[in-house]
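J.: Take this structure first; my questions come after.
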Amino acid sequence: MRLAQEMVKEVKLGVDRLEPVDGFGQSNRTAGFVFRPTCVQEIRDIFALAQEEGRAVTLRGAGRSYGDANTGAEAIVIDIQRMNRILSWDCESGVIDCEAGVTIEDLWRYCLEDGYWPPVVTGTMYPTLGGALGVNVHGKNNYCKGTLGEHVLEMDVLFADGTLTTVGPGDELFYQVISTAGQLGVIVRVKLQMHHVHSGNLSVYAESARSWNEQIALFERFEHDADYMVSWVDCFGRGVESGRGLFHAAWYLERDDHQSLIASNQDLPSLILGFFPKSLVWKVLKLFCHRVGMRLINWAKYRSGCLLGNRKHHVQSLVAFSFLLDYVPDWRKAYAPGGFIQYQSFVPKEHAAQVFDAQVRLQQEYGLESYLGVLKRHRPDKFLFSHAVDGYSLALDFKVTEKNRDKLWEMAHRMNDLVLGAGGKFYFAKDSTLRPEDAEKYLGESLSTFRLLKQKYDPDGLLSSDLAKRLKLHR
Ligand SMILES: Cc1cc2nc3c(=O)[nH]c(=O)nc-3n(C[C@H](O)[C@H](O)[C@H](O)COP(=O)(O)OP(=O)(O)OC[C@H]3O[C@@H](n4cnc5c(N)ncnc54)[C@H](O)[C@@H]3O)c2cc1C
């Protein structure tokens, strides 16, 4: 058997080795030299190769960040998805130890039958632990359970010089590596505390909201009690109906229910409405993927939310509630060929309704309404590049075309100003439009701390990404 080092050394970084590497939104198409290591030693060898070749290194998990946090044009891209072994599982304590390429899906499939669910999950089950901690993801329970990083007991980090370090919540470095988007070191192993559940189902309450004020009032009503909260916003709602949408709160069920804990019983159905193959849904979506079509779809969703199941509870599986966006495979293809960007801003609670209202009005003024709006409640955390605030976030999906690109970016910059003026923040996983001065403003002192750490842990600046370059993070 040949050593990993010999194999990596033999690689010639010619044009024929370039592979397409996109953000999830596919609005920034790049190519990189992709390596898929299977162990820590291979990553060390890839760093050595990068040093020799004078190439930057970009870390990449499942590529689910929407923009350019996981891309590096003509860089060496380390894709950690093959490092996906579960190293140990203690079904008594709910502690799992695994390689960083293990995904959220792997976690719930492995642990659910023993009555454990990941403490924080994103709107899709495909992110890897390394990628999720790179940006420190949040879920629909951010206001009560914090970010994923808050549930990590220990992790191994590999630095560009080949040093491997174990860090935990008692170490400052722990809060610095998590959240800094793969710019300080590679997370290679994670020990995580899973959350105990009795049932694989949730009790879900739905209520339609007619305005921003009604939305916020609903979050305030349920925030001390519900295990999850999220609301959908129709960004085509105008005037007094700005902010209208459909709020959901959900609670774990306390009753033991073995059947619902069997992973295969959680699988999402392959048919929608019992007859339509969901693999074809994106093609139908594509027919509606323009301003008029999306106005209609948003209107129909809002009206049906007012009529069906309004102010009622229903039971829904953890998977169906958590990973709604995974219901429709390949849905992003509906945005082809220009792709889309997601814009998520985080605003302190006192200003949230006002800032989001102004953002939506701006979109309507530009004729560039978001096709999907999602409102969530957050709490602050102490990670270096934390995106969370004691307030709310609004995530907005915008279609990108050759024609609208400049206008869209101009509008995003005006929306940034509204957020910054209110003391708000942004999130690298969802960013495509921030300027270096915006990052300077919202990160403040944290950015200076980061630059000192960069000199200490990666003095040659090997770790980079298109986002790090765009925002001049290393300067
Ligand atoms: C449909 C959808 C729904 C989503 N919902 C949510 C949500 O509810 N909440 C939320 O917070 N996010 C959400 N996201 C964003 C997503 O969770 C994050 O972008 C997450 O980082 C994706 O993980 P990944 O493995 O794909 O990482 P990538 O996108 O590949 O990488 C993310 C970042 O981590 C760095 N990185 C990758 N691997 C490592 C490593 N081993 N060590 C250190 N750094 C590393 C990368 O350089 C990059 O900066 C959603 C994304 C999609 C597509």
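Going by the structure tokens order, chains are called A, B, ..., each with residues numbered from 1, while ligands are numbered from 1 in the order shown.
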So that I can see what lies close to Arg475 in chain A, please list as a tab-separated table (two decimals) with all heavy atoms, in the first residue's frame the residues with an atom at most 12 Å from it, counting only C-alpha atoms and leaving out residues fewer than 5 positions away in the same chain.
T.:
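File part31.tsv, as written:
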chain	number	residue	atom	x	y	z
A	436	PRO	N	-16.17	44.68	2.28
A	436	PRO	CA	-15.23	44.63	3.40
A	436	PRO	C	-15.62	45.60	4.52
A	436	PRO	O	-15.54	45.26	5.70
A	436	PRO	CB	-13.90	45.04	2.76
A	436	PRO	CG	-14.03	44.75	1.32
A	436	PRO	CD	-15.48	44.89	0.98
A	440	GLU	N	-16.20	44.81	8.47
A	440	GLU	CA	-15.44	45.55	9.50
A	440	GLU	C	-16.42	46.09	10.55
A	440	GLU	O	-16.17	45.99	11.74
A	440	GLU	CB	-14.71	46.76	8.89
A	440	GLU	CG	-13.58	46.42	7.94
A	440	GLU	CD	-12.21	46.37	8.60
A	440	GLU	OE1	-12.12	46.70	9.80
A	440	GLU	OE2	-11.24	45.99	7.90
A	447	LEU	N	-12.78	41.12	14.50
A	447	LEU	CA	-11.98	41.00	13.28
A	447	LEU	C	-10.50	41.25	13.59
A	447	LEU	O	-9.62	40.55	13.08
A	447	LEU	CB	-12.50	41.98	12.22
A	447	LEU	CG	-11.97	41.79	10.81
A	447	LEU	CD1	-12.13	40.36	10.32
A	447	LEU	CD2	-12.69	42.74	9.83
A	448	SER	N	-10.23	42.21	14.49
A	448	SER	CA	-8.83	42.46	14.88
A	448	SER	C	-8.28	41.23	15.60
A	448	SER	O	-7.14	40.81	15.34
A	448	SER	CB	-8.73	43.66	15.81
A	448	SER	OG	-9.53	44.70	15.34
A	450	PHE	N	-9.25	38.19	15.24
A	450	PHE	CA	-9.09	37.14	14.22
A	450	PHE	C	-7.77	37.32	13.46
A	450	PHE	O	-7.04	36.36	13.22
A	450	PHE	CB	-10.28	37.17	13.26
A	450	PHE	CG	-10.06	36.36	12.02
A	450	PHE	CD1	-10.19	34.98	12.03
A	450	PHE	CD2	-9.71	36.98	10.82
A	450	PHE	CE1	-9.96	34.23	10.89
A	450	PHE	CE2	-9.47	36.24	9.67
A	450	PHE	CZ	-9.60	34.86	9.70
A	451	ARG	N	-7.45	38.56	13.11
A	451	ARG	CA	-6.24	38.80	12.32
A	451	ARG	C	-4.98	38.43	13.11
A	451	ARG	O	-4.02	37.91	12.55
A	451	ARG	CB	-6.20	40.25	11.82
A	451	ARG	CG	-7.22	40.43	10.69
A	451	ARG	CD	-7.39	41.85	10.25
A	451	ARG	NE	-8.34	41.93	9.15
A	451	ARG	CZ	-9.04	43.00	8.85
A	451	ARG	NH1	-8.91	44.11	9.55
A	451	ARG	NH2	-9.88	42.98	7.83
A	452	LEU	N	-5.02	38.65	14.42
A	452	LEU	CA	-3.87	38.25	15.26
A	452	LEU	C	-3.77	36.72	15.29
A	452	LEU	O	-2.68	36.14	15.19
A	452	LEU	CB	-4.04	38.79	16.68
A	452	LEU	CG	-3.92	40.31	16.82
A	452	LEU	CD1	-4.23	40.74	18.25
A	452	LEU	CD2	-2.50	40.76	16.42
A	454	LYS	N	-4.82	34.68	13.07
A	454	LYS	CA	-4.42	34.21	11.73
A	454	LYS	C	-2.89	34.21	11.64
A	454	LYS	O	-2.30	33.26	11.14
A	454	LYS	CB	-5.05	35.13	10.69
A	454	LYS	CG	-4.89	34.70	9.27
A	454	LYS	CD	-5.81	33.54	8.90
A	454	LYS	CE	-5.57	33.08	7.48
A	454	LYS	NZ	-6.10	31.74	7.22
A	455	GLN	N	-2.29	35.27	12.17
A	455	GLN	CA	-0.81	35.34	12.13
A	455	GLN	C	-0.19	34.23	12.97
A	455	GLN	O	0.85	33.69	12.63
A	455	GLN	CB	-0.34	36.68	12.68
A	455	GLN	CG	-0.39	37.78	11.64
A	455	GLN	CD	-0.21	39.15	12.26
A	455	GLN	OE1	0.33	39.28	13.35
A	455	GLN	NE2	-0.68	40.16	11.57
A	461	GLY	N	-0.83	32.29	5.62
A	461	GLY	CA	-2.13	32.58	5.01
A	461	GLY	C	-2.57	31.51	4.02
A	461	GLY	O	-3.17	31.81	3.00
A	464	SER	N	-7.80	29.98	2.96
A	464	SER	CA	-8.51	31.13	2.42
A	464	SER	C	-9.81	30.65	1.75
A	464	SER	O	-10.11	29.46	1.76
A	464	SER	CB	-7.61	31.84	1.39
A	464	SER	OG	-8.21	33.03	0.99
A	468	ALA	N	-13.36	35.00	2.06
A	468	ALA	CA	-12.30	35.67	2.83
A	468	ALA	C	-11.62	36.73	1.98
A	468	ALA	O	-11.28	37.81	2.47
A	468	ALA	CB	-11.29	34.64	3.33
A	469	LYS	N	-11.46	36.43	0.69
A	469	LYS	CA	-10.82	37.41	-0.20
A	469	LYS	C	-11.75	38.60	-0.44
A	469	LYS	O	-11.34	39.74	-0.39
A	469	LYS	CB	-10.48	36.76	-1.54
A	469	LYS	CG	-9.22	35.94	-1.48
A	469	LYS	CD	-8.75	35.61	-2.89
A	469	LYS	CE	-8.15	34.23	-2.89
A	469	LYS	NZ	-8.40	33.47	-4.09
A	470	ARG	N	-13.01	38.29	-0.73
A	470	ARG	CA	-13.97	39.37	-1.02
A	470	ARG	C	-14.07	40.34	0.16
A	470	ARG	O	-14.13	41.55	-0.03
A	470	ARG	CB	-15.35	38.76	-1.33
A	470	ARG	CG	-16.49	39.74	-1.43
A	470	ARG	CD	-17.74	39.13	-2.05
A	470	ARG	NE	-18.24	37.97	-1.36
A	470	ARG	CZ	-19.09	38.00	-0.33
A	470	ARG	NH1	-19.54	39.15	0.13
A	470	ARG	NH2	-19.51	36.88	0.25
J.: For chain A versus ligand 1, which residues have an atom no more than 7 Å away, and what is each residue's nearest atom pair and distance in Å rounded to one decimal, using only C-alpha atoms and all ligand atoms, chain-then-number order, as a tab-separated table?
T.:
residue	atom	partner	partner_atom_place_in_ligand_line	distance
A:Phe24	CA	ligand 1	53 (C)	5.8
A:Thr58	CA	ligand 1	47 (O)	5.7
A:Leu59	CA	ligand 1	47 (O)	3.9
A:Arg60	CA	ligand 1	30 (O)	3.8
A:Gly61	CA	ligand 1	30 (O)	3.4
A:Ala62	CA	ligand 1	26 (O)	3.4
A:Gly63	CA	ligand 1	30 (O)	3.4
A:Arg64	CA	ligand 1	26 (O)	3.4
A:Ser65	CA	ligand 1	19 (O)	3.1
A:Tyr66	CA	ligand 1	53 (C)	6.2
A:Ala69	CA	ligand 1	49 (O)	4.2
A:Asn70	CA	ligand 1	48 (C)	4.2
A:Ile80	CA	ligand 1	41 (N)	6.2
A:Ala100	CA	ligand 1	41 (N)	5.6
A:Val121	CA	ligand 1	8 (O)	6.8
A:Thr122	CA	ligand 1	8 (O)	3.6
A:Gly123	CA	ligand 1	5 (N)	3.6
A:Thr124	CA	ligand 1	3 (C)	4.6
A:Tyr126	CA	ligand 1	26 (O)	6.8
A:Pro127	CA	ligand 1	23 (O)	3.7
A:Thr128	CA	ligand 1	25 (O)	3.7
A:Leu129	CA	ligand 1	25 (O)	6.3
A:Gly130	CA	ligand 1	41 (N)	3.7
A:Gly131	CA	ligand 1	27 (O)	3.3
A:Ala132	CA	ligand 1	21 (O)	4.0
A:Leu133	CA	ligand 1	34 (O)	6.6
A:Gly134	CA	ligand 1	34 (O)	3.7
A:Val135	CA	ligand 1	21 (O)	5.3
A:Asn136	CA	ligand 1	11 (O)	6.7
A:Val137	CA	ligand 1	11 (O)	3.3
A:His138	CA	ligand 1	11 (O)	4.0
A:Gly139	CA	ligand 1	8 (O)	4.8
A:Lys140	CA	ligand 1	8 (O)	6.6
A:Ala181	CA	ligand 1	49 (O)	3.5
A:Gly182	CA	ligand 1	44 (N)	3.3
A:Gln183	CA	ligand 1	47 (O)	6.9
A:Gly185	CA	ligand 1	43 (C)	5.9
A:Val186	CA	ligand 1	42 (N)	3.7
A:Ile187	CA	ligand 1	42 (N)	3.7
A:Val188	CA	ligand 1	41 (N)	5.5
A:Leu325	CA	ligand 1	1 (C)	5.4
A:Asp326	CA	ligand 1	1 (C)	6.9
A:Ala429	CA	ligand 1	19 (O)	4.3
A:Lys430	CA	ligand 1	15 (C)	6.6
A:Ser465	CA	ligand 1	47 (O)	6.7
J.: Pull N, CA and C atoms from the residues just selected and write them as a short mmCIF file (atom, residue, chain, number, x, y, z; two decimals), in the first residue's frame.
T.:
data_model
loop_
_atom_site.label_atom_id
_atom_site.label_comp_id
_atom_site.auth_asym_id
_atom_site.auth_seq_id
_atom_site.Cartn_x
_atom_site.Cartn_y
_atom_site.Cartn_z
N PHE A 24 -23.96 26.75 -2.75
CA PHE A 24 -25.25 26.08 -2.96
C PHE A 24 -26.16 26.87 -3.90
N THR A 58 -8.83 25.92 0.47
CA THR A 58 -10.19 26.24 0.92
C THR A 58 -10.81 24.97 1.50
N LEU A 59 -11.41 25.10 2.67
CA LEU A 59 -12.06 23.94 3.29
C LEU A 59 -13.52 23.87 2.84
N ARG A 60 -13.96 22.64 2.66
CA ARG A 60 -15.31 22.45 2.15
C ARG A 60 -15.93 21.19 2.76
N GLY A 61 -17.19 21.33 3.21
CA GLY A 61 -17.93 20.17 3.70
C GLY A 61 -18.82 19.68 2.58
N ALA A 62 -20.14 19.79 2.79
CA ALA A 62 -21.08 19.33 1.77
C ALA A 62 -21.42 20.43 0.78
N GLY A 63 -20.77 21.58 0.91
CA GLY A 63 -21.00 22.67 -0.05
C GLY A 63 -22.37 23.31 0.08
N ARG A 64 -22.93 23.30 1.31
CA ARG A 64 -24.30 23.82 1.49
C ARG A 64 -24.34 25.30 1.85
N SER A 65 -23.20 25.94 2.05
CA SER A 65 -23.25 27.39 2.23
C SER A 65 -23.66 28.00 0.90
N TYR A 66 -24.53 28.99 0.95
CA TYR A 66 -25.14 29.47 -0.29
C TYR A 66 -24.17 30.24 -1.19
N ALA A 69 -18.41 31.06 0.80
CA ALA A 69 -17.63 30.68 1.99
C ALA A 69 -16.90 29.36 1.77
N ASN A 70 -17.42 28.53 0.86
CA ASN A 70 -16.83 27.19 0.65
C ASN A 70 -16.18 27.05 -0.71
N ILE A 80 -14.05 17.40 2.94
CA ILE A 80 -13.85 16.42 4.03
C ILE A 80 -14.94 15.34 4.09
N ALA A 100 -15.23 14.70 11.16
CA ALA A 100 -15.96 15.93 10.84
C ALA A 100 -16.77 15.88 9.55
N VAL A 121 -30.34 21.44 14.48
CA VAL A 121 -30.30 21.02 13.07
C VAL A 121 -30.63 22.21 12.17
N THR A 122 -30.07 22.18 10.97
CA THR A 122 -30.33 23.24 10.00
C THR A 122 -31.55 22.85 9.15
N GLY A 123 -31.97 23.73 8.27
CA GLY A 123 -33.13 23.48 7.43
C GLY A 123 -32.89 22.39 6.39
N THR A 124 -31.68 21.90 6.30
CA THR A 124 -31.37 20.76 5.44
C THR A 124 -30.53 19.79 6.25
N TYR A 126 -28.12 17.84 5.11
CA TYR A 126 -26.90 17.42 4.44
C TYR A 126 -25.58 18.04 4.93
N PRO A 127 -25.58 19.13 5.69
CA PRO A 127 -24.29 19.68 6.13
C PRO A 127 -23.45 18.69 6.93
N THR A 128 -22.14 18.80 6.77
CA THR A 128 -21.21 18.02 7.59
C THR A 128 -21.01 18.74 8.92
N LEU A 129 -20.49 18.00 9.90
CA LEU A 129 -20.22 18.66 11.20
C LEU A 129 -19.12 19.71 11.05
N GLY A 130 -18.09 19.40 10.25
CA GLY A 130 -17.00 20.37 10.05
C GLY A 130 -17.52 21.67 9.43
N GLY A 131 -18.32 21.53 8.39
CA GLY A 131 -18.86 22.71 7.71
C GLY A 131 -19.85 23.45 8.59
N ALA A 132 -20.65 22.68 9.34
CA ALA A 132 -21.66 23.30 10.21
C ALA A 132 -20.99 24.09 11.33
N LEU A 133 -19.87 23.55 11.85
CA LEU A 133 -19.16 24.27 12.92
C LEU A 133 -18.30 25.39 12.35
N GLY A 134 -17.88 25.22 11.10
CA GLY A 134 -17.11 26.27 10.45
C GLY A 134 -17.84 27.61 10.55
N VAL A 135 -19.15 27.57 10.35
CA VAL A 135 -19.93 28.82 10.42
C VAL A 135 -20.80 28.87 11.69
N ASN A 136 -20.77 27.79 12.46
CA ASN A 136 -21.55 27.66 13.70
C ASN A 136 -23.05 27.82 13.45
N VAL A 137 -23.62 26.80 12.85
CA VAL A 137 -25.02 26.87 12.42
C VAL A 137 -26.00 26.97 13.59
N HIS A 138 -27.16 27.47 13.28
CA HIS A 138 -28.26 27.55 14.23
C HIS A 138 -29.45 26.79 13.66
N GLY A 139 -30.42 26.51 14.52
CA GLY A 139 -31.65 25.86 14.05
C GLY A 139 -32.85 26.69 14.44
N LYS A 140 -34.01 26.07 14.34
CA LYS A 140 -35.25 26.77 14.70
C LYS A 140 -35.40 26.88 16.22
N ALA A 181 -15.27 30.27 9.76
CA ALA A 181 -15.41 29.84 8.36
C ALA A 181 -14.15 29.19 7.79
N GLY A 182 -13.56 28.30 8.57
CA GLY A 182 -12.44 27.50 8.06
C GLY A 182 -11.20 28.30 7.77
N GLN A 183 -11.00 29.41 8.49
CA GLN A 183 -9.85 30.26 8.20
C GLN A 183 -8.70 30.07 9.19
N GLY A 185 -8.15 26.71 11.06
CA GLY A 185 -7.70 25.32 11.08
C GLY A 185 -8.82 24.40 10.61
N VAL A 186 -8.47 23.12 10.43
CA VAL A 186 -9.45 22.14 9.96
C VAL A 186 -10.00 21.37 11.15
N ILE A 187 -11.30 21.41 11.34
CA ILE A 187 -11.93 20.59 12.37
C ILE A 187 -11.98 19.17 11.80
N VAL A 188 -11.34 18.22 12.50
CA VAL A 188 -11.28 16.87 11.93
C VAL A 188 -12.06 15.85 12.76
N LEU A 325 -37.04 21.83 3.49
CA LEU A 325 -36.45 22.14 2.18
C LEU A 325 -35.91 20.90 1.47
N ASP A 326 -35.70 19.81 2.22
CA ASP A 326 -35.22 18.59 1.59
C ASP A 326 -36.35 17.81 0.92
N ALA A 429 -22.46 31.94 6.06
CA ALA A 429 -23.05 30.81 5.32
C ALA A 429 -24.05 31.29 4.28
N LYS A 430 -24.58 32.49 4.52
CA LYS A 430 -25.66 32.97 3.66
C LYS A 430 -25.26 34.22 2.89
N SER A 465 -10.55 31.58 1.22
CA SER A 465 -11.76 31.22 0.46
C SER A 465 -12.13 32.46 -0.35
#
J.: Can you list, as a list in words, every residue of range 293-335 of chain A that DSSP puts in strand (DSSP E or B)?
T.: Lys312, His313, His314, Val315, Gln316 and Ser317 of chain A
J.: Let's have the selection written as a PDB file, in the first residue's frame, with C-alpha atoms.
T.:
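Saved to result36.pdb:
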ATOM      1  CA  LYS A 312     -54.499  24.321  15.432  1.00  0.00           C
ATOM      2  CA  HIS A 313     -52.011  21.676  16.554  1.00  0.00           C
ATOM      3  CA  HIS A 314     -50.965  18.710  14.443  1.00  0.00           C
ATOM      4  CA  VAL A 315     -48.390  15.946  14.794  1.00  0.00           C
ATOM      5  CA  GLN A 316     -45.418  15.970  12.427  1.00  0.00           C
ATOM      6  CA  SER A 317     -42.247  13.868  12.279  1.00  0.00           C
TER       7      SER A 317
END
J.: Can you list every residue in range 187-390 of chain A that DSSP puts in helix (DSSP H, G or I), as an NGL selection string?
T.: :A and (212-222 or 239-241 or 258-261 or 263-266 or 278-287 or 291-307 or 318-322 or 324-327 or 331-335 or 352-366)
J.: Between CA of Gln344 in chain A and CA of Gln359 in chain A, what distance in Å does the model show, to one decimal?
T.: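 Separation of CA of Gln344 in chain A and CA of Gln359 in chain A: 11.2 Å.
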J.: Residues within 12 Å of Lys441 in chain A, please, as a PyMOL selection string. Count only C-alpha atoms; anything in the same chain fewer than 4 positions from it doesn't count.
T.: chain A and resi 416-417+419-426+434-437+445-448+471
J.: Of the residues A:Phe222, A:Phe385, A:Tyr457, A:Tyr392, which is the one nearest to Phe346 in chain A, using only C-alpha atoms?
T.: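 Answer, going by the shortest atom-to-atom distance: A:Tyr392.
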J.: Within 8 Å of Met83 in chain A, counting only C-alpha atoms, which residues show up once you throw out same-chain ones fewer than 5 positions away? Write them as a PyMOL selection string, please.
T.: chain A and resi 37-39+99-102+188
J.: What would the file look like if the residues just selected were written as a short mmCIF file (atom, residue, chain, number, x, y, z; two decimals), in the first residue's frame with C-alpha atoms?
T.:
data_model
loop_
_atom_site.label_atom_id
_atom_site.label_comp_id
_atom_site.auth_asym_id
_atom_site.auth_seq_id
_atom_site.Cartn_x
_atom_site.Cartn_y
_atom_site.Cartn_z
CA PRO A 37 -8.76 13.04 2.09
CA THR A 38 -9.70 10.06 4.24
CA CYS A 39 -7.45 10.77 7.23
CA GLU A 99 -15.04 12.51 12.11
CA ALA A 100 -15.96 15.93 10.84
CA GLY A 101 -17.35 14.69 7.53
CA VAL A 102 -20.27 13.02 9.34
CA VAL A 188 -11.28 16.87 11.93
#
J.: How far is it from CA of Ile216 in chain A to CA of Cys144 in chain A, in Å with one decimal?
T.: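 For CA of Ile216 in chain A relative to CA of Cys144 in chain A, the distance reads 16.2 Å.
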J.: Please identify all polymer residues within 9 Å of Gly309 in chain A, counting only C-alpha atoms, omitting same-chain residues fewer than 6 positions from it, and present them as a PDB file with N, CA and C atoms, in the first residue's frame.
T.:
ATOM      1  N   TYR A 205     -47.851  23.689  16.159  1.00  0.00           N
ATOM      2  CA  TYR A 205     -48.960  24.641  16.174  1.00  0.00           C
ATOM      3  C   TYR A 205     -48.746  25.662  15.047  1.00  0.00           C
ATOM      4  N   ALA A 206     -49.785  25.947  14.287  1.00  0.00           N
ATOM      5  CA  ALA A 206     -49.655  26.919  13.188  1.00  0.00           C
ATOM      6  C   ALA A 206     -50.595  28.093  13.425  1.00  0.00           C
ATOM      7  N   GLU A 207     -50.131  29.294  13.126  1.00  0.00           N
ATOM      8  CA  GLU A 207     -51.040  30.456  13.183  1.00  0.00           C
ATOM      9  C   GLU A 207     -50.607  31.480  12.142  1.00  0.00           C
TER      10      GLU A 207
END
J.: Write out as a PyMOL selection string the residues lying within 8 Å of Gly168 in chain A, counting only C-alpha atoms and excluding same-chain residues fewer than 4 positions away.
T.: chain A and resi 152-155+174
J.: Could you tell me which of A:Pro269, A:Pro459, A:Ala388, A:Gly338 comes closest to Glu402 in chain A if we count only C-alpha atoms?
T.: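 The closest residue to Glu402 in chain A is A:Gly338.
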J.: Separation of CA of Gly23 in chain A and CA of Pro118 in chain A, in Å?
T.: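 Separation of CA of Gly23 in chain A and CA of Pro118 in chain A: 24.6 Å.
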J.: Can you pull out every residue within 12 Å of Gln363 in chain A, counting only C-alpha atoms, but drop anything in the same chain fewer than 6 positions away, and send it as a PyMOL selection string?
T.: chain A and resi 235-238+242+291+356-357+369-371+373+396-398+407-415
J.: Write to file, as a CSV table (one decimal), in the first residue's frame, the residues of the selection just made, with N, CA, C and O atoms.
T.:
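Output saved as result.csv:
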chain,number,residue,atom,x,y,z
A,235,CYS,N,-43.0,37.9,1.1
A,235,CYS,CA,-42.4,39.2,0.8
A,235,CYS,C,-43.1,40.1,-0.2
A,235,CYS,O,-42.7,41.2,-0.5
A,236,PHE,N,-44.2,39.5,-0.7
A,236,PHE,CA,-45.0,40.3,-1.7
A,236,PHE,C,-46.1,41.1,-0.9
A,236,PHE,O,-46.8,41.9,-1.5
A,237,GLY,N,-46.3,40.8,0.4
A,237,GLY,CA,-47.3,41.5,1.2
A,237,GLY,C,-46.9,43.0,1.3
A,237,GLY,O,-45.8,43.3,1.6
A,238,ARG,N,-47.9,43.9,1.0
A,238,ARG,CA,-47.6,45.3,0.9
A,238,ARG,C,-48.4,46.1,2.0
A,238,ARG,O,-49.4,45.6,2.5
A,242,SER,N,-47.5,44.1,5.1
A,242,SER,CA,-46.1,43.8,5.0
A,242,SER,C,-45.8,42.9,6.2
A,242,SER,O,-46.2,43.2,7.3
A,291,ARG,N,-41.2,36.7,-11.1
A,291,ARG,CA,-41.9,37.6,-10.1
A,291,ARG,C,-43.4,37.3,-10.0
A,291,ARG,O,-44.0,37.2,-8.9
A,356,PHE,N,-36.9,44.9,9.1
A,356,PHE,CA,-37.4,43.9,8.1
A,356,PHE,C,-38.5,44.5,7.2
A,356,PHE,O,-38.6,44.3,6.0
A,357,ASP,N,-39.3,45.4,7.8
A,357,ASP,CA,-40.3,46.1,7.0
A,357,ASP,C,-39.7,46.9,6.0
A,357,ASP,O,-40.0,46.9,4.8
A,369,GLU,N,-38.5,41.3,-5.3
A,369,GLU,CA,-39.0,40.7,-4.1
A,369,GLU,C,-38.3,39.3,-3.9
A,369,GLU,O,-38.1,38.6,-4.9
A,370,SER,N,-38.1,39.0,-2.6
A,370,SER,CA,-37.6,37.6,-2.3
A,370,SER,C,-38.7,36.6,-2.6
A,370,SER,O,-39.8,36.9,-2.2
A,371,TYR,N,-38.3,35.5,-3.1
A,371,TYR,CA,-39.3,34.5,-3.4
A,371,TYR,C,-39.6,33.6,-2.2
A,371,TYR,O,-40.7,33.0,-2.1
A,373,GLY,N,-39.2,34.0,2.3
A,373,GLY,CA,-38.8,34.7,3.5
A,373,GLY,C,-39.0,33.8,4.7
A,373,GLY,O,-40.0,33.2,4.9
A,396,LEU,N,-33.7,35.6,3.1
A,396,LEU,CA,-34.4,36.0,1.9
A,396,LEU,C,-33.7,35.3,0.7
A,396,LEU,O,-32.5,35.4,0.6
A,397,ASP,N,-34.5,34.7,-0.2
A,397,ASP,CA,-33.9,34.1,-1.4
A,397,ASP,C,-34.2,35.0,-2.6
A,397,ASP,O,-35.4,35.2,-2.9
A,398,PHE,N,-33.1,35.4,-3.3
A,398,PHE,CA,-33.3,36.2,-4.5
A,398,PHE,C,-32.7,35.5,-5.7
A,398,PHE,O,-31.6,35.1,-5.7
A,407,LYS,N,-28.3,45.5,-10.0
A,407,LYS,CA,-29.4,46.1,-9.2
A,407,LYS,C,-29.6,45.3,-7.9
A,407,LYS,O,-29.8,46.0,-6.8
A,408,LEU,N,-29.5,44.0,-7.9
A,408,LEU,CA,-29.7,43.2,-6.7
A,408,LEU,C,-28.6,43.5,-5.7
A,408,LEU,O,-28.9,43.6,-4.5
A,409,TRP,N,-27.4,43.6,-6.2
A,409,TRP,CA,-26.3,43.9,-5.3
A,409,TRP,C,-26.4,45.3,-4.7
A,409,TRP,O,-26.2,45.5,-3.5
A,410,GLU,N,-26.8,46.2,-5.5
A,410,GLU,CA,-27.0,47.6,-5.0
A,410,GLU,C,-28.1,47.6,-3.9
A,410,GLU,O,-28.0,48.2,-2.9
A,411,MET,N,-29.2,46.8,-4.2
A,411,MET,CA,-30.3,46.8,-3.2
A,411,MET,C,-29.8,46.1,-1.9
A,411,MET,O,-30.1,46.6,-0.8
A,412,ALA,N,-29.0,45.0,-2.0
A,412,ALA,CA,-28.5,44.4,-0.8
A,412,ALA,C,-27.6,45.3,0.0
A,412,ALA,O,-27.7,45.3,1.2
A,413,HIS,N,-26.8,46.1,-0.7
A,413,HIS,CA,-26.0,47.1,0.0
A,413,HIS,C,-26.8,48.1,0.8
A,413,HIS,O,-26.5,48.5,2.0
A,414,ARG,N,-28.0,48.5,0.2
A,414,ARG,CA,-28.9,49.4,1.0
A,414,ARG,C,-29.5,48.6,2.2
A,414,ARG,O,-29.7,49.2,3.2
A,415,MET,N,-29.8,47.4,2.0
A,415,MET,CA,-30.4,46.6,3.1
A,415,MET,C,-29.3,46.4,4.2
A,415,MET,O,-29.6,46.5,5.4
